[in-house]
file query-v8.cif (mmCIF, C-alpha atoms)
data_query
#
loop_
_atom_site.label_atom_id
_atom_site.label_comp_id
_atom_site.auth_asym_id
_atom_site.auth_seq_id
_atom_site.Cartn_x
_atom_site.Cartn_y
_atom_site.Cartn_z
CA MET A 1 -39.13 3.50 -7.21
CA LYS A 2 -36.98 1.06 -9.14
CA PRO A 3 -33.84 3.25 -9.19
CA PHE A 4 -34.34 3.89 -5.48
CA PHE A 5 -34.26 0.18 -4.68
CA ALA A 6 -31.29 -0.33 -6.99
CA GLY A 7 -29.47 2.45 -5.16
CA PHE A 8 -30.44 1.02 -1.78
CA ALA A 9 -29.27 -2.47 -2.72
CA GLY A 10 -26.07 -0.93 -4.10
CA ALA A 11 -25.46 0.93 -0.85
CA ILE A 12 -25.80 -2.29 1.14
CA ALA A 13 -23.45 -4.08 -1.24
CA LEU A 14 -21.04 -1.15 -0.93
CA ALA A 15 -21.07 -1.42 2.87
CA VAL A 16 -20.39 -5.16 2.68
CA ILE A 17 -17.49 -4.66 0.26
CA PHE A 18 -16.14 -1.77 2.34
CA PHE A 19 -15.97 -3.78 5.55
CA ALA A 20 -14.58 -6.83 3.75
CA GLY A 21 -11.93 -4.64 2.08
CA ALA A 22 -11.06 -2.87 5.32
CA GLY A 23 -10.75 -6.21 7.10
CA LEU A 24 -8.50 -7.61 4.41
CA ALA A 25 -6.34 -4.48 4.39
CA LEU A 26 -6.05 -4.70 8.17
CA LEU A 27 -5.02 -8.35 7.92
CA ALA A 28 -2.48 -7.52 5.24
CA GLY A 29 -1.01 -4.78 7.40
CA CYS A 30 -0.89 -6.79 10.62
CA ALA A 31 -0.18 -10.34 9.54
CA THR A 32 3.35 -11.45 10.31
CA PRO A 33 4.53 -13.98 7.74
CA ARG A 34 5.60 -17.33 9.12
CA ALA A 35 9.33 -18.02 9.09
CA LEU A 36 10.69 -19.72 5.98
CA GLN A 37 11.90 -23.30 6.30
CA THR A 38 15.67 -23.56 6.07
CA GLY A 39 15.82 -26.67 3.91
CA LYS A 40 18.50 -29.34 4.29
CA VAL A 41 21.32 -27.96 6.42
CA ASP A 42 24.76 -29.42 5.78
CA PRO A 43 26.22 -30.51 9.17
CA ALA A 44 29.45 -28.80 8.13
CA MET A 45 27.67 -25.44 8.06
CA SER A 46 28.40 -23.24 11.03
CA LYS A 47 25.65 -21.60 13.06
CA LEU A 48 26.70 -18.22 11.70
CA GLN A 49 26.51 -19.48 8.12
CA VAL A 50 23.01 -20.87 8.66
CA GLN A 51 21.90 -17.66 10.33
CA ALA A 52 23.32 -15.50 7.55
CA GLN A 53 21.71 -17.63 4.82
CA ALA A 54 18.35 -17.61 6.64
CA THR A 55 18.51 -13.80 6.90
CA VAL A 56 19.31 -13.45 3.19
CA ASN A 57 16.39 -15.75 2.36
CA GLU A 58 13.92 -13.81 4.53
CA ALA A 59 15.11 -10.55 2.98
CA ARG A 60 14.57 -12.01 -0.50
CA ARG A 61 11.02 -13.01 0.41
CA ALA A 62 10.21 -9.47 1.58
CA LEU A 63 11.71 -8.10 -1.62
CA ILE A 64 9.58 -10.43 -3.78
CA SER A 65 6.45 -9.15 -1.98
CA ALA A 66 7.54 -5.54 -2.47
CA ASP A 67 8.14 -6.11 -6.21
CA GLN A 68 4.75 -7.78 -6.63
CA LEU A 69 2.93 -5.06 -4.73
CA ILE A 70 4.62 -2.33 -6.77
CA GLY A 71 3.67 -4.05 -10.05
CA SER A 72 0.06 -4.68 -9.08
CA SER A 73 -0.39 -1.17 -7.64
CA VAL A 74 0.65 0.32 -10.98
CA ALA A 75 -1.41 -2.19 -12.98
CA SER A 76 -4.51 -1.34 -10.87
CA ASP A 77 -4.00 2.44 -11.30
CA ILE A 78 -3.44 2.92 -7.58
CA TRP A 79 -0.02 4.37 -8.47
CA THR A 80 1.29 6.18 -11.50
CA PRO A 81 4.08 4.46 -13.45
CA ASP A 82 6.56 7.09 -12.15
CA GLU A 83 5.66 6.36 -8.52
CA GLY A 84 6.03 2.64 -9.14
CA GLN A 85 9.34 3.11 -10.96
CA LYS A 86 10.76 5.09 -8.05
CA TYR A 87 10.15 2.23 -5.62
CA LEU A 88 11.08 -0.48 -8.10
CA ASP A 89 14.49 1.15 -8.64
CA ILE A 90 15.11 1.05 -4.88
CA ALA A 91 14.03 -2.61 -4.81
CA LYS A 92 16.37 -3.44 -7.71
CA ASP A 93 19.23 -1.79 -5.86
CA TYR A 94 18.50 -3.85 -2.73
CA ARG A 95 18.43 -7.03 -4.79
CA LYS A 96 21.89 -6.26 -6.16
CA LYS A 97 23.13 -5.65 -2.62
CA LEU A 98 21.66 -8.98 -1.51
CA ASP A 99 23.45 -10.70 -4.40
CA ALA A 100 26.70 -9.11 -3.20
CA THR A 101 26.03 -10.34 0.35
CA GLN A 102 25.39 -13.84 -0.99
CA ALA A 103 28.79 -13.68 -2.72
CA VAL A 104 30.43 -12.69 0.59
CA LEU A 105 28.66 -15.62 2.26
CA ASP A 106 29.80 -18.03 -0.45
CA LYS A 107 33.39 -16.88 0.04
CA GLY A 108 33.16 -17.88 3.71
CA ASP A 109 33.16 -14.48 5.41
CA PHE A 110 30.12 -15.34 7.55
CA GLN A 111 30.57 -12.57 10.07
CA LYS A 112 30.56 -9.89 7.38
CA ALA A 113 27.68 -11.62 5.54
CA ILE A 114 25.51 -11.78 8.63
CA SER A 115 26.03 -8.12 9.44
CA GLU A 116 25.32 -7.05 5.82
CA ALA A 117 22.29 -9.36 5.53
CA GLY A 118 20.87 -8.08 8.82
CA LEU A 119 21.15 -4.48 7.69
CA GLN A 120 19.64 -5.27 4.30
CA GLN A 121 16.75 -7.12 5.89
CA VAL A 122 15.94 -4.07 8.01
CA LEU A 123 16.11 -1.78 4.95
CA ILE A 124 13.99 -4.11 2.82
CA ASP A 125 11.38 -4.49 5.58
CA LYS A 126 11.29 -0.70 5.81
CA LEU A 127 10.82 -0.45 2.03
CA LEU A 128 8.02 -3.01 2.18
CA GLN A 129 6.29 -1.11 4.99
CA GLU A 130 6.62 2.12 3.01
CA VAL A 131 5.25 0.51 -0.14
CA VAL A 132 2.25 -0.85 1.80
CA ALA A 133 1.70 2.51 3.54
CA ARG A 134 1.94 4.41 0.23
CA ALA A 135 -0.51 2.00 -1.40
CA ASN A 136 -2.92 2.54 1.52
CA ALA A 137 -2.49 6.34 1.41
CA ALA A 138 -3.27 6.41 -2.31
CA LYS A 139 -6.64 4.75 -1.74
CA LYS A 140 -8.71 7.74 -2.76
CA PRO A 141 -8.43 8.17 -6.52
CA PRO A 142 -11.14 10.29 -8.14
CA ILE A 143 -14.16 8.37 -9.34
CA LYS A 144 -14.27 9.24 -13.00
CA PRO A 145 -17.89 9.61 -14.10
CA VAL A 146 -19.14 11.35 -10.95
CA THR A 147 -17.13 13.54 -8.57
CA GLY A 148 -19.15 13.39 -5.38
CA LEU A 149 -22.42 12.53 -3.75
CA LEU A 150 -23.83 16.07 -3.54
CA PRO A 151 -23.87 16.77 -7.32
CA VAL A 152 -25.47 13.38 -7.82
CA LEU A 153 -28.15 14.02 -5.25
CA ALA A 154 -28.72 17.50 -6.67
CA ALA A 155 -29.17 16.02 -10.13
CA GLU A 156 -31.71 13.59 -8.77
CA PHE A 157 -34.01 16.48 -7.84
CA ASN A 158 -36.04 18.17 -10.52
CA PRO A 159 -35.98 22.00 -10.91
CA GLU A 160 -39.09 22.27 -8.76
CA GLY A 161 -37.15 20.66 -5.97
CA ARG A 162 -39.27 17.51 -5.81
CA ARG A 163 -37.63 14.14 -5.49
CA THR A 164 -37.92 12.00 -8.59
CA TRP A 165 -37.28 8.71 -6.80
CA MET B 1 -26.68 8.32 -11.35
CA VAL B 2 -26.65 7.12 -7.77
CA SER B 3 -26.25 3.62 -9.13
CA GLU B 4 -23.26 4.77 -11.22
CA LEU B 5 -21.66 6.24 -8.13
CA VAL B 6 -22.28 3.09 -6.12
CA LEU B 7 -20.90 0.91 -8.90
CA GLY B 8 -17.82 3.13 -9.17
CA GLU B 9 -17.18 2.84 -5.42
CA LEU B 10 -17.83 -0.90 -5.52
CA ALA B 11 -15.32 -1.38 -8.31
CA GLN B 12 -12.73 0.69 -6.46
CA PHE B 13 -13.13 -1.18 -3.18
CA ALA B 14 -12.97 -4.46 -5.05
CA VAL B 15 -9.59 -3.36 -6.42
CA TYR B 16 -8.28 -2.65 -2.91
CA ALA B 17 -9.61 -5.93 -1.56
CA ILE B 18 -7.88 -7.77 -4.41
CA GLN B 19 -4.64 -5.91 -3.64
CA ALA B 20 -4.81 -6.96 0.02
CA VAL B 21 -5.42 -10.59 -0.93
CA LYS B 22 -2.60 -10.50 -3.49
CA PHE B 23 -0.21 -9.10 -0.91
CA MET B 24 -1.03 -11.76 1.69
CA GLY B 25 -0.98 -14.38 -1.04
CA SER B 26 2.49 -13.45 -2.28
CA GLU B 27 4.05 -13.84 1.18
CA GLU B 28 2.32 -17.18 1.66
CA ALA B 29 3.08 -18.33 -1.88
CA VAL B 30 6.81 -17.84 -1.31
CA ALA B 31 6.63 -19.73 2.01
CA ALA B 32 4.68 -22.56 0.35
CA HIS B 33 7.25 -22.76 -2.45
CA VAL B 34 10.06 -23.00 0.12
CA ASP B 35 8.10 -25.68 2.07
CA GLN B 36 7.78 -27.73 -1.09
CA MET B 37 11.48 -27.43 -1.90
CA ALA B 38 12.41 -28.36 1.68
CA GLN B 39 10.16 -31.43 1.53
CA GLN B 40 11.89 -32.49 -1.67
CA GLY B 41 15.22 -32.34 0.17
CA ALA B 42 16.58 -29.08 -1.27
CA THR B 43 19.56 -27.59 0.52
CA MET B 44 19.52 -24.16 2.09
CA ARG B 45 21.71 -22.86 -0.75
CA GLN B 46 19.36 -24.28 -3.42
CA ILE B 47 16.40 -22.60 -1.73
CA SER B 48 18.32 -19.34 -1.73
CA GLU B 49 19.04 -19.67 -5.46
CA SER B 50 15.37 -20.33 -6.14
CA LEU B 51 14.35 -17.28 -4.09
CA ARG B 52 16.80 -15.19 -6.08
CA ASP B 53 15.19 -16.39 -9.32
CA MET B 54 11.77 -15.48 -7.93
CA ASN B 55 13.18 -12.09 -6.98
CA VAL B 56 14.37 -11.41 -10.52
CA ALA B 57 11.08 -12.69 -12.00
CA ALA B 58 9.00 -10.43 -9.69
CA GLU B 59 11.22 -7.50 -10.63
CA THR B 60 10.78 -8.23 -14.34
CA ASP B 61 6.98 -8.54 -13.95
CA ALA B 62 6.77 -5.25 -12.02
CA GLN B 63 8.87 -3.50 -14.68
CA ALA B 64 6.64 -4.95 -17.42
CA ALA B 65 3.52 -3.68 -15.60
CA ILE B 66 5.04 -0.19 -15.35
CA ASP B 67 6.15 -0.17 -19.01
CA ALA B 68 2.71 -1.39 -20.15
CA LYS B 69 1.00 1.37 -18.18
CA ARG B 70 3.32 3.99 -19.70
CA GLN B 71 2.37 2.89 -23.19
CA GLN B 72 -1.36 3.14 -22.50
CA PRO B 73 -2.93 6.36 -23.77
CA SER B 74 -4.05 8.46 -20.79
#

call {"tool": "encode", "arguments": {"input": "query-v8.cif", "output": "C-alpha coordinates"}}
result
Amino acid sequence: MKPFFAGFAGAIALAVIFFAGAGLALLAGCATPRALQTGKVDPAMSKLQVQAQATVNEARRALISADQLIGSSVASDIWTPDEGQKYLDIAKDYRKKLDATQAVLDKGDFQKAISEAGLQQVLIDKLLQEVVARANAAKKPPIKPVTGLLPVLAAEFNPEGRRTW
Amino acid sequence: MVSELVLGELAQFAVYAIQAVKFMGSEEAVAAHVDQMAQQGATMRQISESLRDMNVAAETDAQAAIDAKRQQPS
(Lines of atoms letter the chains of each structure in order from A and count residues from 1; the text may use other names and numbers.)
(Lines give C-alpha, C1' and ligand atoms only; values in the text may rest on other atoms or scores of the structure.)
Protein backbone atom coordinates (compact mmCIF):
# COMPACT_ATOMS: atom_id res chain seq x y z
CA MET A 1 0.00 0.00 0.00
CA LYS A 2 2.85 2.35 0.82
CA PRO A 3 4.18 2.63 -2.76
CA PHE A 4 0.62 3.18 -3.95
CA PHE A 5 0.18 6.19 -1.67
CA ALA A 6 3.62 7.50 -2.62
CA GLY A 7 2.65 7.23 -6.28
CA PHE A 8 -0.71 8.89 -5.63
CA ALA A 9 0.88 11.77 -3.72
CA GLY A 10 3.47 12.08 -6.50
CA ALA A 11 0.74 12.25 -9.13
CA ILE A 12 -0.98 15.08 -7.26
CA ALA A 13 2.32 16.92 -6.89
CA LEU A 14 2.95 16.35 -10.60
CA ALA A 15 -0.41 17.88 -11.50
CA VAL A 16 0.30 20.92 -9.31
CA ILE A 17 3.74 21.42 -10.87
CA PHE A 18 2.33 20.87 -14.37
CA PHE A 19 -0.33 23.57 -14.03
CA ALA A 20 2.09 25.95 -12.32
CA GLY A 21 4.65 25.36 -15.10
CA ALA A 22 2.06 25.75 -17.84
CA GLY A 23 0.83 28.97 -16.25
CA LEU A 24 4.33 30.37 -16.00
CA ALA A 25 5.14 29.39 -19.59
CA LEU A 26 1.93 31.07 -20.73
CA LEU A 27 2.84 34.22 -18.81
CA ALA A 28 6.33 34.18 -20.29
CA GLY A 29 4.91 33.85 -23.78
CA CYS A 30 2.23 36.51 -23.41
CA ALA A 31 3.74 39.11 -21.12
CA THR A 32 4.73 42.29 -22.91
CA PRO A 33 7.70 43.89 -21.20
CA ARG A 34 7.18 47.44 -20.00
CA ALA A 35 8.95 50.14 -21.98
CA LEU A 36 12.43 51.07 -20.80
CA GLN A 37 12.93 54.48 -19.23
CA THR A 38 14.86 56.83 -21.47
CA GLY A 39 17.04 58.39 -18.79
CA LYS A 40 18.09 62.05 -18.84
CA VAL A 41 17.40 63.49 -22.28
CA ASP A 42 19.63 66.36 -23.37
CA PRO A 43 17.36 69.22 -24.56
CA ALA A 44 19.64 69.54 -27.58
CA MET A 45 18.69 66.03 -28.71
CA SER A 46 16.24 65.94 -31.57
CA LYS A 47 13.08 63.84 -31.47
CA LEU A 48 14.56 61.55 -34.10
CA GLN A 49 17.72 61.07 -32.07
CA VAL A 50 15.74 60.18 -28.95
CA GLN A 51 13.55 57.80 -30.92
CA ALA A 52 16.54 56.10 -32.54
CA GLN A 53 18.35 55.70 -29.21
CA ALA A 54 15.21 54.34 -27.52
CA THR A 55 14.81 51.78 -30.33
CA VAL A 56 18.45 50.69 -30.03
CA ASN A 57 18.00 50.31 -26.26
CA GLU A 58 14.83 48.22 -26.60
CA ALA A 59 16.54 46.02 -29.19
CA ARG A 60 19.47 45.51 -26.81
CA ARG A 61 17.11 44.44 -24.03
CA ALA A 62 15.48 41.83 -26.28
CA LEU A 63 18.93 40.60 -27.29
CA ILE A 64 20.01 40.24 -23.64
CA SER A 65 16.91 38.10 -22.98
CA ALA A 66 17.62 35.96 -26.05
CA ASP A 67 21.25 35.40 -24.96
CA GLN A 68 20.18 34.44 -21.44
CA LEU A 69 17.49 32.07 -22.67
CA ILE A 70 19.91 30.39 -25.08
CA GLY A 71 22.49 29.89 -22.31
CA SER A 72 20.03 28.55 -19.77
CA SER A 73 18.32 26.26 -22.30
CA VAL A 74 21.67 24.62 -23.05
CA ALA A 75 22.66 24.48 -19.38
CA SER A 76 19.32 22.78 -18.53
CA ASP A 77 19.71 20.21 -21.34
CA ILE A 78 16.63 21.52 -23.13
CA TRP A 79 18.88 22.19 -26.14
CA THR A 80 22.05 20.58 -27.37
CA PRO A 81 25.17 22.79 -27.47
CA ASP A 82 24.98 22.84 -31.30
CA GLU A 83 21.39 24.12 -31.26
CA GLY A 84 22.34 26.80 -28.75
CA GLN A 85 25.43 27.78 -30.74
CA LYS A 86 23.38 28.24 -33.90
CA TYR A 87 21.12 30.80 -32.22
CA LEU A 88 23.91 32.43 -30.24
CA ASP A 89 25.84 33.08 -33.47
CA ILE A 90 22.80 34.86 -34.91
CA ALA A 91 22.47 36.88 -31.68
CA LYS A 92 26.16 37.84 -31.82
CA ASP A 93 25.72 39.01 -35.40
CA TYR A 94 22.74 41.18 -34.40
CA ARG A 95 24.73 42.69 -31.55
CA LYS A 96 27.48 43.71 -33.98
CA LYS A 97 24.86 45.27 -36.25
CA LEU A 98 23.41 47.18 -33.30
CA ASP A 99 26.90 48.46 -32.46
CA ALA A 100 27.22 49.68 -36.06
CA THR A 101 23.84 51.43 -35.80
CA GLN A 102 24.96 53.09 -32.57
CA ALA A 103 28.03 54.39 -34.43
CA VAL A 104 25.78 55.83 -37.16
CA LEU A 105 23.66 57.48 -34.45
CA ASP A 106 26.75 58.93 -32.75
CA LYS A 107 27.87 60.41 -36.06
CA GLY A 108 24.57 62.30 -36.29
CA ASP A 109 22.85 60.45 -39.13
CA PHE A 110 19.62 60.04 -37.15
CA GLN A 111 17.42 59.20 -40.10
CA LYS A 112 19.63 56.30 -41.15
CA ALA A 113 20.06 55.18 -37.52
CA ILE A 114 16.33 55.11 -36.87
CA SER A 115 15.63 53.07 -39.98
CA GLU A 116 18.45 50.58 -39.19
CA ALA A 117 17.47 50.34 -35.50
CA GLY A 118 13.82 49.74 -36.40
CA LEU A 119 14.73 46.92 -38.75
CA GLN A 120 17.10 45.38 -36.22
CA GLN A 121 14.49 45.55 -33.49
CA VAL A 122 12.04 43.64 -35.68
CA LEU A 123 14.70 41.00 -36.48
CA ILE A 124 15.77 40.65 -32.85
CA ASP A 125 12.15 40.36 -31.66
CA LYS A 126 11.67 37.66 -34.28
CA LEU A 127 14.79 35.86 -33.04
CA LEU A 128 13.55 36.09 -29.46
CA GLN A 129 10.14 34.68 -30.45
CA GLU A 130 11.85 31.85 -32.32
CA VAL A 131 14.12 31.07 -29.39
CA VAL A 132 11.12 30.96 -27.02
CA ALA A 133 9.12 28.83 -29.49
CA ARG A 134 12.05 26.43 -29.99
CA ALA A 135 12.53 26.13 -26.23
CA ASN A 136 8.80 25.34 -25.86
CA ALA A 137 8.86 22.82 -28.74
CA ALA A 138 11.80 20.98 -27.19
CA LYS A 139 9.86 20.38 -23.98
CA LYS A 140 9.64 16.63 -24.37
CA PRO A 141 13.08 15.15 -23.76
CA PRO A 142 13.15 11.43 -22.95
CA ILE A 143 12.96 10.59 -19.29
CA LYS A 144 16.10 8.59 -18.74
CA PRO A 145 15.41 5.78 -16.28
CA VAL A 146 11.94 4.90 -17.57
CA THR A 147 10.60 5.37 -21.11
CA GLY A 148 6.86 5.41 -20.60
CA LEU A 149 3.98 4.67 -18.31
CA LEU A 150 2.93 1.35 -19.88
CA PRO A 151 6.22 -0.52 -19.25
CA VAL A 152 6.15 0.79 -15.70
CA LEU A 153 2.60 -0.35 -15.11
CA ALA A 154 3.39 -3.71 -16.72
CA ALA A 155 6.35 -4.14 -14.40
CA GLU A 156 4.14 -3.42 -11.43
CA PHE A 157 2.08 -6.53 -12.17
CA ASN A 158 3.43 -9.91 -11.21
CA PRO A 159 3.56 -12.77 -13.79
CA GLU A 160 0.22 -14.06 -12.54
CA GLY A 161 -1.27 -10.75 -13.52
CA ARG A 162 -2.18 -9.68 -10.00
CA ARG A 163 -1.51 -6.16 -8.84
CA THR A 164 1.24 -5.90 -6.27
CA TRP A 165 0.16 -2.51 -4.95
CA MET B 1 9.05 2.46 -10.36
CA VAL B 2 5.96 4.62 -10.60
CA SER B 3 7.57 6.90 -8.06
CA GLU B 4 10.71 7.10 -10.22
CA LEU B 5 8.60 8.10 -13.20
CA VAL B 6 6.73 10.71 -11.20
CA LEU B 7 9.96 12.11 -9.80
CA GLY B 8 11.47 12.25 -13.29
CA GLU B 9 8.45 14.17 -14.60
CA LEU B 10 8.48 16.45 -11.56
CA ALA B 11 12.13 17.28 -12.08
CA GLN B 12 11.54 18.00 -15.76
CA PHE B 13 8.56 20.28 -15.16
CA ALA B 14 10.50 22.07 -12.46
CA VAL B 15 13.19 22.80 -15.06
CA TYR B 16 10.62 24.32 -17.44
CA ALA B 17 9.02 26.38 -14.69
CA ILE B 18 12.45 27.71 -13.73
CA GLN B 19 13.13 28.57 -17.39
CA ALA B 20 9.87 30.53 -17.62
CA VAL B 21 10.66 32.44 -14.43
CA LYS B 22 14.21 33.14 -15.61
CA PHE B 23 12.92 34.48 -18.92
CA MET B 24 10.41 36.83 -17.29
CA GLY B 25 13.02 37.78 -14.72
CA SER B 26 15.64 38.72 -17.30
CA GLU B 27 13.30 41.17 -19.07
CA GLU B 28 12.30 42.72 -15.76
CA ALA B 29 15.86 42.75 -14.44
CA VAL B 30 17.02 44.81 -17.41
CA ALA B 31 14.11 47.25 -16.95
CA ALA B 32 14.87 47.54 -13.22
CA HIS B 33 18.55 48.21 -13.97
CA VAL B 34 17.56 50.97 -16.41
CA ASP B 35 15.10 52.43 -13.84
CA GLN B 36 17.89 52.59 -11.28
CA MET B 37 20.28 54.29 -13.71
CA ALA B 38 17.58 56.79 -14.73
CA GLN B 39 16.87 57.60 -11.07
CA GLN B 40 20.57 58.26 -10.56
CA GLY B 41 20.45 60.79 -13.40
CA ALA B 42 22.14 58.73 -16.13
CA THR B 43 21.82 60.07 -19.65
CA MET B 44 20.19 58.14 -22.45
CA ARG B 45 23.63 57.49 -23.97
CA GLN B 46 25.02 56.16 -20.66
CA ILE B 47 22.06 53.79 -20.35
CA SER B 48 22.73 52.59 -23.87
CA GLU B 49 26.40 51.92 -23.04
CA SER B 50 25.37 49.97 -19.95
CA LEU B 51 22.89 47.91 -21.98
CA ARG B 52 25.64 47.15 -24.47
CA ASP B 53 27.87 45.90 -21.63
CA MET B 54 25.02 43.71 -20.39
CA ASN B 55 24.60 42.44 -23.95
CA VAL B 56 28.24 41.40 -24.17
CA ALA B 57 28.14 39.83 -20.69
CA ALA B 58 25.00 37.80 -21.54
CA GLU B 59 26.66 36.67 -24.76
CA THR B 60 29.80 35.61 -22.88
CA ASP B 61 27.74 33.71 -20.27
CA ALA B 62 25.73 31.90 -22.96
CA GLN B 63 28.94 30.94 -24.79
CA ALA B 64 30.45 29.68 -21.51
CA ALA B 65 27.33 27.56 -20.85
CA ILE B 66 27.58 26.04 -24.34
CA ASP B 67 31.33 25.38 -24.02
CA ALA B 68 30.86 23.81 -20.57
CA LYS B 69 28.16 21.50 -21.92
CA ARG B 70 30.40 20.46 -24.82
CA GLN B 71 33.13 19.44 -22.41
CA GLN B 72 30.80 17.28 -20.32
CA PRO B 73 31.02 13.58 -21.13
CA SER B 74 27.73 12.46 -22.71

call {"tool": "resolve_selection", "arguments": {"input": "query-v8.cif", "expression": "the PyMOL selection byres ((chain A and resi 131) around 10)", "output": "list in words"}}
result
Ser65, Ala66, Asp67, Leu69, Ile70, Ser73, Gly84, Tyr87, Leu88, Asp125, Lys126, Leu127, Leu128, Gln129, Glu130, Val132, Ala133, Arg134, Ala135, Asn136 and Ala137 of chain A

call {"tool": "residues_around", "arguments": {"input": "query-v8.cif", "residues": "B:Gln46", "least_positions_apart": "6", "cutoff": "12 Å", "atoms": "all atoms listed in the file", "output": "PyMOL selection string"}}
result
(chain A and resi 38-42+53+57) or (chain B and resi 34+37-38+40+52-53)

call {"tool": "residues_around", "arguments": {"input": "query-v8.cif", "residues": "A:Thr80", "least_positions_apart": "4", "cutoff": "12 Å", "atoms": "only C-alpha atoms", "output": "mmCIF file with C-alpha atoms, keeping the file's coordinate frame"}}
result
data_model
loop_
_atom_site.group_PDB
_atom_site.id
_atom_site.type_symbol
_atom_site.label_atom_id
_atom_site.label_comp_id
_atom_site.auth_asym_id
_atom_site.auth_seq_id
_atom_site.Cartn_x
_atom_site.Cartn_y
_atom_site.Cartn_z
ATOM 1 C CA ILE A 70 4.620 -2.330 -6.770
ATOM 2 C CA GLY A 71 3.670 -4.050 -10.050
ATOM 3 C CA SER A 72 0.060 -4.680 -9.080
ATOM 4 C CA SER A 73 -0.390 -1.170 -7.640
ATOM 5 C CA VAL A 74 0.650 0.320 -10.980
ATOM 6 C CA ALA A 75 -1.410 -2.190 -12.980
ATOM 7 C CA SER A 76 -4.510 -1.340 -10.870
ATOM 8 C CA GLY A 84 6.030 2.640 -9.140
ATOM 9 C CA GLN A 85 9.340 3.110 -10.960
ATOM 10 C CA LYS A 86 10.760 5.090 -8.050
ATOM 11 C CA TYR A 87 10.150 2.230 -5.620
ATOM 12 C CA ARG A 134 1.940 4.410 0.230
ATOM 13 C CA ALA A 135 -0.510 2.000 -1.400
ATOM 14 C CA ALA A 138 -3.270 6.410 -2.310
ATOM 15 C CA PRO A 141 -8.430 8.170 -6.520
ATOM 16 C CA ALA B 65 3.520 -3.680 -15.600
ATOM 17 C CA ILE B 66 5.040 -0.190 -15.350
ATOM 18 C CA ASP B 67 6.150 -0.170 -19.010
ATOM 19 C CA ALA B 68 2.710 -1.390 -20.150
ATOM 20 C CA LYS B 69 1.000 1.370 -18.180
ATOM 21 C CA ARG B 70 3.320 3.990 -19.700
ATOM 22 C CA GLN B 72 -1.360 3.140 -22.500
ATOM 23 C CA SER B 74 -4.050 8.460 -20.790
#

call {"tool": "atom_distance", "arguments": {"input": "query-v8.cif", "atom1": "atom CA of A:Ile114", "atom2": "atom CA of B:Thr60"}}
result
27.5 Å

call {"tool": "atom_distance", "arguments": {"input": "query-v8.cif", "atom1": "atom CA of A:Lys96", "atom2": "atom CA of A:Val50"}}
result
20.8 Å

call {"tool": "atom_distance", "arguments": {"input": "query-v8.cif", "atom1": "atom CA of A:Leu98", "atom2": "atom CA of A:Ala62"}}
result
11.9 Å

call {"tool": "axis_aligned_box", "arguments": {"input": "query-v8.cif", "around": "stretch 63-81 of chain A", "padding_each_side": "8 Å", "output": "JSON"}}
result
{"center_x": 3.6, "center_y": -2.1, "center_z": -7.5, "size_x": 32.2, "size_y": 32.6, "size_z": 27.8}

call {"tool": "residues_near_point", "arguments": {"input": "query-v8.cif", "point": "(20.6, -23.6, 3.0)", "cutoff": "12 Å", "atoms": "all atoms listed in the file", "output": "PyMOL selection string"}}
result
(chain A and resi 36-58+102+105-106) or (chain B and resi 34+37-38+41-51)
